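Below you'll find the structure, written out as structure tokens, and then a few comments.
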There are 2 protein chains.
Amino acid sequence: LDYQHVQVPFEITLWIMLASLAKIGFHLYNKLPSVVPESCLLIFVGLIMGGIIYGLNDRSPPVMDSDIFFLYLLPPIVLDAGYFMPSRPFFENIGTILLYAVVGTIWNVFGIGFSLYGICQVKAFRLQDVSLLHNLLFGSLIAAVDPVAVLAVFEEIHVNEKLHILVFGESLLNDAVTVVLYKLFRSFCEMPAIKSVDVFAGVGKFFVVGLGGVLVGLSFGFTAAFTTRFTKDIRVIEPLFVFLYSYLSYLTAEMFHLSGIVAIISCAMGMKRYVEANISLKSHTTVKYFMKMWSSVSDTLIFIFLGVSTIGENHEWNWPYICFTVIFCLIWRALGVLVLTFFVNRFHVNTITSKDQFIIAYGGLRGAICFSLVFLLPDFHRKKLFIAATTVVILFTVFIQGMTIRPLVDLLAVKRKRESAPTVGEQIHIRFLDHLLAGIEDISGHWGQYYWKDKLEYFNSKYLQKILLREYDQPKSSIVLLYEKLERKHAMELAQAGQLGHGPAHPSFLSSDRTVITDQKLEDTLNPAVLDNIQEILARNLYRIRRTGPAYNRHTLPGDSEPTEQAKEILILRHKSL
Amino acid sequence: LDYQHVQVPFEITLWIMLASLAKIGFHLYNKLPSVVPESCLLIFVGLIMGGIIYGLNDRSPPVMDSDIFFLYLLPPIVLDAGYFMPSRPFFENIGTILLYAVVGTIWNVFGIGFSLYGICQVKAFRLQDVSLLHNLLFGSLIAAVDPVAVLAVFEEIHVNEKLHILVFGESLLNDAVTVVLYKLFRSFCEMPAIKSVDVFAGVGKFFVVGLGGVLVGLSFGFTAAFTTRFTKDIRVIEPLFVFLYSYLSYLTAEMFHLSGIVAIISCAMGMKRYVEANISLKSHTTVKYFMKMWSSVSDTLIFIFLGVSTIGENHEWNWPYICFTVIFCLIWRALGVLVLTFFVNRFHVNTITSKDQFIIAYGGLRGAICFSLVFLLPDFHRKKLFIAATTVVILFTVFIQGMTIRPLVDLLAVKRKRESAPTVGEQIHIRFLDHLLAGIEDISGHWGQYYWKDKLEYFNSKYLQKILLREYDQPKSSIVLLYEKLERKHAMELAQAGQLGHGPAHPSFLSSDRTVITDQKLEDTLNPAVLDNIQEILARNLYRIRRTGPAYNRHTLPGDSEPTEQAKEILILRHKSL
């Protein structure tokens with residue numbers, strides 16, 4: 001037996017296997033998943049496993065390594081979230097989301113930090129050795145809403161799209177703020193004295209970390225799109241590039257101390273439309289499926305590890321501190337949402353209702369990011385207290401809030417997500433309204449979101465598509481392709497039968513019987529001159545439809561050298577048919 | 001900049017990225033891949049990169065770690081090979097393949113070992129310190145044909161299926177022999193004296209290592225199939241199980257010193273048909289695509305690493321030893337193939353032609369497995385000579401043989417693979433012949449392959465399918481499902497229109513116009529009694545087709561409680577229509 005040799009991959013595979021089997025187990029009984037969120041059950045499995053390990057070994061089970069979490073488990077989930085992010089509601093609410101993510105998180109950090117410092121001043125609690133800076137550091141890691149936990153719960157309760165994107169978008173974008181504040185306070189803790197310059201530098205860092213992440217992500221995203229232009233002959237490695245480039249964007253951002261989450265989301269959102277157009281349908285299925293699979297496994301592993309890591313002897317229990325942490329987390333979040341929404345609603349027609357506000361405040365779940373950050377803290381004598389408080393907050397939010405949010409949503413009759421996809425008519429109207437509003441904004445001189453969206457669309461179709469797409473002007477919809485194929489086939493048949501022009505060039509080609517009859521009637525009533533004219537128009541149209549080679553070429557204009565070629569080809573077909 | 005933190009995943013991602021980009025690069029120019037095999041080009045890229053690293057650092061570039069090769073790079077390739085192995089030609093030629101793989105490899109090992117020992121006795125070559133045992137050890141690692149190299153070359157030249165499976169099957173199954181001989185000689189090298197018991201134990205190990213691998217693989221394969229029975233509600237992690245279980249089978253086999261390659265192939269071949277039936281079509285696309293992608297990347301990385309590892313200072317050059325190694329490898333393989341094929345042809349009607357024999361002998365490419373094994377050798381003073389000889393043999397076979405095999409195949413006019421898939425008629429005839437031959441074998445008392453195949457098929461449909469498949473008696477073919485759906489829809493329409501029985505229940509449902517006319521004629525000519533009878537039959541048939549719920553139930557027999565239900569449902573439909 002040579003276990004040493006295969007230990008690392010064997011144990012990784014076994015953990016993933018355990019996670020997958022646990023997932024199957026829950027879904028075997030249909031009733032369980034509808035009552036308890038999966039995340040709770042997985043933490044529960046983790047707790048049991050941790051208990052078993054603790055019981056057998058008589059020492060604390062291994063805690064989740066922060067490196068493993070940040071480098072291997074988090075990226076798949078965030079990539080999945082970014083890739084499948086509904087971009088329309090996201091960009092429509094980007095202002096509100098950023099307000100919640102930046103101002104809201106700062107509000108929470110300082111609110112929780114200062115009020116916990118106040119608690120520490122009470123002599124009876126014996127917490128006077130916890131400094132303000134340590135409280136703020138703790139606040140910075142406990143304030144951030146966790147995308148993994150939010151996703152796990154909100155995917156199951158199906159609230160309306162706007163509400164979902166507000167909570168979920170906040171949980172993703174607050175990463176930049178959390179990273180900055182956490183690192184700032186941690187470096188302050190280690191500094192002998194804090195200068196005001198450092199504080200200003202910290203404020204400046206917000207923009208660097210956030211915008212830097214966006215830049216890194218977009219550049220990798222566009223490179224990925226550009227790379228998939230050249231994979232036509234080697235379809236099998238297409239899906240790889242989506243994963244490789246997004247992962248590289250995450251790692252690069254982390255390397256430069258930027259926000260990896262923001263980077264990978266920008267990368268995924270930036271590359272999506274171009275990659276989808278370039279790669280084959282099967283590659284796309286693989287990308288989608290594998291992303292879902294990967295994020296689902298990561299998510300499962302994270303919750304199981306959370307459970308396992310909870311068990312052990314690295315906790316210091318202090319009732320007042322822990323209870324007040326939970327209370328302050330709830331209060332400051334509720335206050336923050338109320339105040340911020342008040343300002344948001346003043347500037348929007350489509351306001352956020354008080355029910356929605358409640359769900360936003362109540363949906364502020366904490367998860368594995370806090371947990372990993374608290375373990376990354378430098379060693380100091382109250383670290384175990386912070387670990388205990390973080391664990392309690394996570395368990396409280398995931399179990400109590402996660403399990404009650406569904407009944408609350410039902411009780412409050414929060415507007416649900418519409419189940420059906422928008423109809424073609426709706427889509428056309430939405431697009432029409434977009435153009436109309438862009439025009440109105442342009443005329444009125446108000447540079448609003450529609451104006452910028454229109455400009456971006458123009459830039460995209462004018463430059464980006466030409467660089468990033470393989471054949472940027474070909475219709476990609478399968479129904480258009482099928483229609484063209486049918487038309488082409490029919491045109492060929494007609495040309496070969498020597499009766500070019502008599503057939504239908506009408507869109508209602510599929511109901512051919514009726515059209516043929518109409519054509520025959522037409523022939524009876526029209527005089528030869530008109531018929532010849534019609535024949536010519538039809539011949540030209542049919543010819544044009546038949547040309548589906550790469551129509552775009554850098555050196556020729558569309559329509560170049562067409563007349564002679566067309567004449568030649570028609571001649572050949574005529575010749576054949578005679 | 002915090003490079004340390006992300007180094008490991010960053011560098012892995014970059015290597016994979018490099019490999020993928022190199023692959024794209026070759027395919028950009030269509031002419032290159034048709035002249036030179038990809039493996040050669042990739043080794044060439046590796047050589048250049050190794051040269052650059054060597055030039056910059058002024059020390060040998062890192063060699064490919066044997067652990068990385070055997071634990072991470074080899075399994076995906078072998079899994080892909082096993083999963084897409086054409087099982088019919090494989091099992092039809094299993095005897096020949098095993099003969100080549102077992103007897104042929106032993107022949108090569110001892111042939112090369114002893115003749116190199118003979119060369120070592122020539123005083124002028126200054127090789128007298130290389131013992132017989134060391135030569136045999138070297139023979140055991142250099143004799144094995146490499147599946148990765150064979151696959152890379154044979155996938156491009158499209159020889160006929162039998163020839164392909166003979167070379168490829170041998171390269172896969174000789175792993176068991178190589179593992180045993182290599183470990184045996186290595187342990188002999190370290191032993192002070194060799195007892196005859198050890199030699200006999202070695203012979204016994206062949207069976208343990210090979211059959212043990214098959215057993216481990218099959219048990220994991222069947223477990224995988226059984227697991228996918230329960231993934232109906234959670235489709236997204238289905239593909240994972242295929243990968244997890246096969247990887248576990250490989251690792252488990254390696255852990256017990258069995259043949260990992262044999263295990264993973266048995267696992268893949270064992271699970272394939274059941275998994276395919278259980279998982280959704282999209283999951284299956286993902287499995288197939290991801291397997292191809294993964295193996296393709298592994299393969300690329302292996303060849304690049306081979307190139308990189310070649311550069312450096314770990315070679316000891318000795319012209320005679322190296323030249324004679326190449327010559328003996330060629331001669332012994334050619335002799336082995338000739339002798340073994342002579343015996344094979346005596347027992348087969350469908351003989352192996354001399355052209356085929358030449359390609360089998362010539363296609364014995366060596367690759368990364370030899371390379372990894374030679375680096376795994378215990379340190380002794382001639383290790384660098386062995387490394388040099390192995391490198392030369394690999395480069396010779398991959399470059400010279402790999403590049404000339406395609407022109408040779410053209411020149412000899414070796415029978416090619418048929419490009420088109422067998423028609424339905426052919427498939428039906430093949431199956432019919434199988435049954436016929438099984439019957440003949442049974443009658444004549446000759447327990448040949450058809451007899452065993454039939455028994456296995458019986459066992460499969462009687463027991464295995466019931467345990468491993470979710471709905472083992474439902475038609476899975478999409479055309480059958482479509483037909484059923486159409487029939488069902490039509491039956492519904494008919495029942496709702498109150499004219500049950502008047503419509504066509506004929507298979508030529510799609511050409512409905514003609515059938516309707518025929519039906520009307522029938523109605524005119526037949527008397528009412530016959531018509532009523534037909535109506536009843538049709539109604540029953542239509543009803544039965546309409547039932548597509550899970551037809552199999554452990555507690556009810558098919559057809560249970562059907563009459564009343566049927567009557568009830570038809571009554572309801574009738575009622576509606578009136």
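For the structure tokens, the naming scheme is as follows: chains receive sequential letters (A, B, ...) according to their order of presentation, residues are indexed from 1 within each chain, and ligands are indexed from 1 in presentation order.
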
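What chain A places within 7 Å of chain B, counting only C-alpha atoms, is A:Leu1, A:Asp2, A:Tyr3, A:Val6, A:Phe10, A:Thr13, A:Met17, A:Ile24, A:His27, A:Phe230, A:Thr231, A:Asp233, A:Ile234, A:Val236, A:Ile237, A:Leu244, A:Leu248, A:Leu251, A:Met255, A:Phe256, A:Thr285, A:Thr286, A:Tyr289, A:Lys292, A:Met293.
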
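Those residues that approach Glu419 of chain A to within 12 Å, counting only C-alpha atoms, are His158, Val159, Asn160, Glu161, Lys415 and Thr423 of chain A; same-chain residues fewer than 4 positions away are not listed.
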
- Item | Selection near Ala361 of chain B, 12 Å with only C-alpha atoms, sequence-local residues under 5 positions removed, as a PyMOL selection string | chain B and resi 100+104+108+145+150+163+166-167+170+329-341+354-356+397+401+405

Output for the residues just chosen: C-alpha atoms as an mmCIF file, in the first residue's frame:
data_model
loop_
_atom_site.group_PDB
_atom_site.id
_atom_site.type_symbol
_atom_site.label_atom_id
_atom_site.label_comp_id
_atom_site.auth_asym_id
_atom_site.auth_seq_id
_atom_site.Cartn_x
_atom_site.Cartn_y
_atom_site.Cartn_z
ATOM 1 C CA TYR B 100 1.165 -8.397 -28.322
ATOM 2 C CA GLY B 104 5.390 -9.097 -27.131
ATOM 3 C CA ASN B 108 11.089 -6.946 -26.259
ATOM 4 C CA VAL B 145 4.964 1.336 -26.537
ATOM 5 C CA VAL B 150 0.658 6.246 -30.483
ATOM 6 C CA LEU B 163 -4.820 -2.018 -37.243
ATOM 7 C CA LEU B 166 -4.088 -3.550 -32.385
ATOM 8 C CA VAL B 167 -1.379 -0.924 -31.889
ATOM 9 C CA GLU B 170 -1.253 -3.019 -27.076
ATOM 10 C CA CYS B 329 14.352 -1.395 -30.252
ATOM 11 C CA LEU B 330 13.512 -1.505 -33.951
ATOM 12 C CA ILE B 331 14.810 -5.044 -34.614
ATOM 13 C CA TRP B 332 13.253 -6.762 -31.608
ATOM 14 C CA ARG B 333 9.926 -5.120 -32.163
ATOM 15 C CA ALA B 334 9.900 -6.133 -35.827
ATOM 16 C CA LEU B 335 10.899 -9.711 -34.962
ATOM 17 C CA GLY B 336 8.333 -9.871 -32.177
ATOM 18 C CA VAL B 337 5.530 -8.710 -34.415
ATOM 19 C CA LEU B 338 6.532 -11.165 -37.155
ATOM 20 C CA VAL B 339 6.677 -14.182 -34.837
ATOM 21 C CA LEU B 340 3.534 -13.343 -32.882
ATOM 22 C CA THR B 341 1.539 -12.519 -36.005
ATOM 23 C CA SER B 354 2.247 -8.162 -44.069
ATOM 24 C CA LYS B 355 1.566 -4.474 -44.709
ATOM 25 C CA ASP B 356 -0.338 -4.295 -41.458
ATOM 26 C CA THR B 397 10.492 7.277 -32.745
ATOM 27 C CA GLN B 401 8.910 7.252 -37.356
ATOM 28 C CA ILE B 405 4.546 6.777 -41.051
#

- Message: Applying 9 Å and only C-alpha atoms, which residues near Tyr117 of chain B remain after dropping the ones on its own chain fewer than 2 positions away? List them as a list in words.
- Response: Ile112, Gly113, Phe114, Ser115, Ile119, Cys120, Gln121, Gln128, Val130, Ser131, Leu132, Leu133, His134, Asn135 and Leu136 of chain B

Keeping N, CA, C and O atoms, export the residues of the selection given above as an mmCIF file, in the first residue's frame.
data_model
loop_
_atom_site.group_PDB
_atom_site.id
_atom_site.type_symbol
_atom_site.label_atom_id
_atom_site.label_comp_id
_atom_site.auth_asym_id
_atom_site.auth_seq_id
_atom_site.Cartn_x
_atom_site.Cartn_y
_atom_site.Cartn_z
ATOM 1 N N ILE B 112 15.874 -6.769 -25.850
ATOM 2 C CA ILE B 112 16.680 -5.545 -25.787
ATOM 3 C C ILE B 112 17.686 -5.641 -24.641
ATOM 4 O O ILE B 112 18.872 -5.309 -24.787
ATOM 5 N N GLY B 113 17.229 -6.139 -23.496
ATOM 6 C CA GLY B 113 18.102 -6.224 -22.323
ATOM 7 C C GLY B 113 19.315 -7.087 -22.590
ATOM 8 O O GLY B 113 20.463 -6.653 -22.382
ATOM 9 N N PHE B 114 19.080 -8.306 -23.096
ATOM 10 C CA PHE B 114 20.202 -9.229 -23.303
ATOM 11 C C PHE B 114 21.124 -8.740 -24.412
ATOM 12 O O PHE B 114 22.350 -8.835 -24.296
ATOM 13 N N SER B 115 20.552 -8.209 -25.503
ATOM 14 C CA SER B 115 21.454 -7.808 -26.586
ATOM 15 C C SER B 115 22.264 -6.575 -26.197
ATOM 16 O O SER B 115 23.423 -6.445 -26.608
ATOM 17 N N ILE B 119 26.329 -5.996 -26.063
ATOM 18 C CA ILE B 119 27.100 -4.831 -26.509
ATOM 19 C C ILE B 119 28.033 -4.346 -25.401
ATOM 20 O O ILE B 119 29.179 -3.947 -25.659
ATOM 21 N N CYS B 120 27.536 -4.402 -24.175
ATOM 22 C CA CYS B 120 28.337 -3.923 -23.048
ATOM 23 C C CYS B 120 29.601 -4.758 -22.857
ATOM 24 O O CYS B 120 30.558 -4.308 -22.209
ATOM 25 N N GLN B 121 29.595 -5.982 -23.351
ATOM 26 C CA GLN B 121 30.772 -6.841 -23.180
ATOM 27 C C GLN B 121 31.909 -6.460 -24.122
ATOM 28 O O GLN B 121 33.048 -6.875 -23.915
ATOM 29 N N GLN B 128 31.581 -1.892 -19.665
ATOM 30 C CA GLN B 128 31.551 -3.168 -18.946
ATOM 31 C C GLN B 128 30.961 -3.072 -17.543
ATOM 32 O O GLN B 128 30.630 -4.078 -16.940
ATOM 33 N N VAL B 130 28.106 -1.796 -16.834
ATOM 34 C CA VAL B 130 26.637 -1.889 -16.843
ATOM 35 C C VAL B 130 26.263 -3.374 -16.740
ATOM 36 O O VAL B 130 26.524 -4.148 -17.651
ATOM 37 N N SER B 131 25.624 -3.723 -15.620
ATOM 38 C CA SER B 131 25.342 -5.137 -15.369
ATOM 39 C C SER B 131 24.157 -5.613 -16.209
ATOM 40 O O SER B 131 23.425 -4.804 -16.804
ATOM 41 N N LEU B 132 23.962 -6.930 -16.233
ATOM 42 C CA LEU B 132 22.828 -7.505 -16.961
ATOM 43 C C LEU B 132 21.511 -6.993 -16.384
ATOM 44 O O LEU B 132 20.584 -6.646 -17.126
ATOM 45 N N LEU B 133 21.448 -6.923 -15.070
ATOM 46 C CA LEU B 133 20.207 -6.501 -14.420
ATOM 47 C C LEU B 133 19.854 -5.064 -14.791
ATOM 48 O O LEU B 133 18.688 -4.741 -15.048
ATOM 49 N N HIS B 134 20.871 -4.233 -14.832
ATOM 50 C CA HIS B 134 20.608 -2.854 -15.227
ATOM 51 C C HIS B 134 20.149 -2.771 -16.673
ATOM 52 O O HIS B 134 19.282 -1.978 -17.011
ATOM 53 N N ASN B 135 20.744 -3.612 -17.512
ATOM 54 C CA ASN B 135 20.303 -3.631 -18.902
ATOM 55 C C ASN B 135 18.857 -4.105 -19.022
ATOM 56 O O ASN B 135 18.081 -3.570 -19.820
ATOM 57 N N LEU B 136 18.517 -5.106 -18.219
ATOM 58 C CA LEU B 136 17.134 -5.590 -18.259
ATOM 59 C C LEU B 136 16.168 -4.523 -17.732
ATOM 60 O O LEU B 136 15.075 -4.333 -18.281
#

- Message: Can you pull out every residue from segment 337-490 of chain B that DSSP, working from the backbone, puts in helix (DSSP H, G or I), and format the result as number ranges by chain?
- Response: B: 337-346, 354-362, 368-375, 383-412, 424-444, 449-468, 478-490

- Skipping near chain neighbours, those fewer than 2 positions away, what residues fall within 12 Å of Leu408 of chain A using only C-alpha atoms, listed as a PyMOL selection string? chain A and resi 157+159+355-356+358-359+362-363+400-406+410-414

Using only all heavy atoms, please write the residues we just selected to a file, as a compact mmCIF listing (two decimals), in the first residue's frame.
# COMPACT_ATOMS: atom_id res chain seq x y z
N ILE A 157 -35.31 31.15 -3.49
CA ILE A 157 -36.57 31.79 -3.11
C ILE A 157 -37.21 32.57 -4.26
O ILE A 157 -38.35 33.01 -4.14
CB ILE A 157 -36.42 32.70 -1.86
CG1 ILE A 157 -35.38 33.80 -2.10
CG2 ILE A 157 -36.06 31.88 -0.64
CD1 ILE A 157 -35.29 34.79 -0.95
N VAL A 159 -37.12 35.61 -5.72
CA VAL A 159 -37.72 36.93 -5.62
C VAL A 159 -37.56 37.64 -6.97
O VAL A 159 -36.89 37.13 -7.85
CB VAL A 159 -37.06 37.78 -4.51
CG1 VAL A 159 -37.38 37.22 -3.16
CG2 VAL A 159 -35.57 37.88 -4.73
N LYS A 355 -41.26 46.59 1.55
CA LYS A 355 -41.09 45.14 1.61
C LYS A 355 -39.73 44.74 1.06
O LYS A 355 -39.00 43.95 1.65
CB LYS A 355 -42.16 44.46 0.77
CG LYS A 355 -43.49 44.34 1.44
CD LYS A 355 -44.46 43.68 0.47
CE LYS A 355 -45.88 43.85 0.91
NZ LYS A 355 -46.81 43.41 -0.13
N ASP A 356 -39.40 45.32 -0.11
CA ASP A 356 -38.11 45.02 -0.72
C ASP A 356 -36.98 45.42 0.21
O ASP A 356 -35.99 44.70 0.36
CB ASP A 356 -37.96 45.76 -2.06
CG ASP A 356 -38.79 45.13 -3.17
OD1 ASP A 356 -39.44 44.10 -2.88
OD2 ASP A 356 -38.79 45.65 -4.29
N PHE A 358 -36.97 45.55 3.38
CA PHE A 358 -36.85 44.57 4.47
C PHE A 358 -36.07 43.35 4.01
O PHE A 358 -35.17 42.87 4.70
CB PHE A 358 -38.25 44.17 4.96
CG PHE A 358 -38.19 43.11 6.00
CD1 PHE A 358 -37.82 43.43 7.30
CD2 PHE A 358 -38.49 41.80 5.70
CE1 PHE A 358 -37.75 42.46 8.28
CE2 PHE A 358 -38.43 40.82 6.66
CZ PHE A 358 -38.06 41.15 7.96
N ILE A 359 -36.42 42.86 2.80
CA ILE A 359 -35.73 41.65 2.30
C ILE A 359 -34.26 41.96 2.04
O ILE A 359 -33.38 41.13 2.31
CB ILE A 359 -36.42 41.12 1.04
CG1 ILE A 359 -37.85 40.66 1.36
CG2 ILE A 359 -35.65 39.96 0.42
CD1 ILE A 359 -37.94 39.51 2.33
N TYR A 362 -32.67 41.98 5.38
CA TYR A 362 -32.71 40.65 5.99
C TYR A 362 -31.84 39.67 5.21
O TYR A 362 -31.37 38.67 5.74
CB TYR A 362 -34.15 40.16 6.01
CG TYR A 362 -34.42 39.08 7.03
CD1 TYR A 362 -34.48 39.40 8.38
CD2 TYR A 362 -34.59 37.77 6.66
CE1 TYR A 362 -34.72 38.43 9.32
CE2 TYR A 362 -34.84 36.78 7.59
CZ TYR A 362 -34.90 37.12 8.93
OH TYR A 362 -35.13 36.16 9.86
N GLY A 363 -31.62 39.93 3.93
CA GLY A 363 -30.84 39.02 3.09
C GLY A 363 -29.34 39.24 3.18
O GLY A 363 -28.59 38.67 2.39
N ILE A 400 -30.68 30.99 10.80
CA ILE A 400 -31.92 31.67 11.20
C ILE A 400 -32.48 32.48 10.02
O ILE A 400 -33.62 32.27 9.58
CB ILE A 400 -31.68 32.58 12.43
CG1 ILE A 400 -30.94 31.83 13.53
CG2 ILE A 400 -33.00 33.16 12.92
CD1 ILE A 400 -31.72 30.77 14.22
N GLN A 401 -31.65 33.39 9.49
CA GLN A 401 -32.17 34.23 8.42
C GLN A 401 -32.42 33.41 7.15
O GLN A 401 -33.44 33.58 6.49
CB GLN A 401 -31.19 35.38 8.13
CG GLN A 401 -31.12 36.35 9.30
CD GLN A 401 -30.16 37.50 9.06
OE1 GLN A 401 -29.46 37.90 9.94
NE2 GLN A 401 -30.14 38.03 7.85
N GLY A 402 -31.48 32.52 6.83
CA GLY A 402 -31.62 31.73 5.60
C GLY A 402 -32.87 30.86 5.62
O GLY A 402 -33.54 30.68 4.60
N MET A 403 -33.22 30.32 6.80
CA MET A 403 -34.37 29.44 6.85
C MET A 403 -35.68 30.20 6.96
O MET A 403 -36.73 29.69 6.58
CB MET A 403 -34.24 28.45 8.02
CG MET A 403 -33.33 27.28 7.66
SD MET A 403 -32.88 26.28 9.07
CE MET A 403 -34.38 25.35 9.31
N THR A 404 -35.63 31.42 7.53
CA THR A 404 -36.89 32.15 7.69
C THR A 404 -37.19 33.08 6.52
O THR A 404 -38.29 33.60 6.42
CB THR A 404 -36.87 33.00 8.98
OG1 THR A 404 -35.65 33.75 8.99
CG2 THR A 404 -36.94 32.13 10.21
N ILE A 405 -36.21 33.27 5.65
CA ILE A 405 -36.45 34.27 4.60
C ILE A 405 -37.51 33.80 3.61
O ILE A 405 -38.31 34.59 3.11
CB ILE A 405 -35.13 34.65 3.88
CG1 ILE A 405 -35.28 35.98 3.15
CG2 ILE A 405 -34.67 33.57 2.93
CD1 ILE A 405 -33.99 36.61 2.73
N ARG A 406 -37.56 32.50 3.37
CA ARG A 406 -38.58 32.00 2.44
C ARG A 406 -40.00 32.20 2.98
O ARG A 406 -40.85 32.76 2.28
CB ARG A 406 -38.31 30.54 2.10
CG ARG A 406 -39.05 30.10 0.86
CD ARG A 406 -39.26 28.62 0.83
NE ARG A 406 -38.01 27.88 0.81
CZ ARG A 406 -37.52 27.27 -0.27
NH1 ARG A 406 -38.16 27.35 -1.41
NH2 ARG A 406 -36.41 26.59 -0.21
N ASP A 410 -42.93 34.72 1.44
CA ASP A 410 -44.31 34.28 1.21
C ASP A 410 -45.30 35.16 1.98
O ASP A 410 -46.32 35.60 1.46
CB ASP A 410 -44.49 32.82 1.64
CG ASP A 410 -43.75 31.87 0.71
OD1 ASP A 410 -43.50 32.27 -0.43
OD2 ASP A 410 -43.45 30.75 1.14
N LEU A 411 -44.96 35.41 3.24
CA LEU A 411 -45.85 36.14 4.13
C LEU A 411 -46.06 37.58 3.66
O LEU A 411 -47.18 38.08 3.63
CB LEU A 411 -45.23 36.14 5.54
CG LEU A 411 -46.17 36.43 6.70
CD1 LEU A 411 -47.04 35.23 6.98
CD2 LEU A 411 -45.36 36.79 7.95
N LEU A 412 -44.94 38.22 3.28
CA LEU A 412 -45.03 39.61 2.85
C LEU A 412 -45.54 39.72 1.42
O LEU A 412 -45.80 40.82 0.95
CB LEU A 412 -43.65 40.26 2.93
CG LEU A 412 -43.05 40.45 4.32
CD1 LEU A 412 -41.62 40.94 4.21
CD2 LEU A 412 -43.89 41.46 5.10
N ALA A 413 -45.66 38.57 0.73
CA ALA A 413 -46.07 38.58 -0.68
C ALA A 413 -45.16 39.49 -1.50
O ALA A 413 -45.61 40.38 -2.22
CB ALA A 413 -47.53 38.99 -0.82
N VAL A 414 -43.87 39.29 -1.31
CA VAL A 414 -42.89 40.03 -2.10
C VAL A 414 -43.05 39.63 -3.56
O VAL A 414 -43.32 38.46 -3.86
CB VAL A 414 -41.46 39.71 -1.61
CG1 VAL A 414 -40.42 40.34 -2.52
CG2 VAL A 414 -41.27 40.19 -0.19

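For the pair atom CA of Leu436 of chain B and atom CA of Asp454 of chain B, the separation is 10.3 Å.
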
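Near Val262 of chain B, within 7 Å and counting only C-alpha atoms, sit Leu173, Gly210, Gly213 and Val214 of chain B; same-chain residues fewer than 6 positions away were not included.
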
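Here atom CA of Ser266 of chain B stands at a distance of 10.2 Å from atom CA of Phe222 of chain B.
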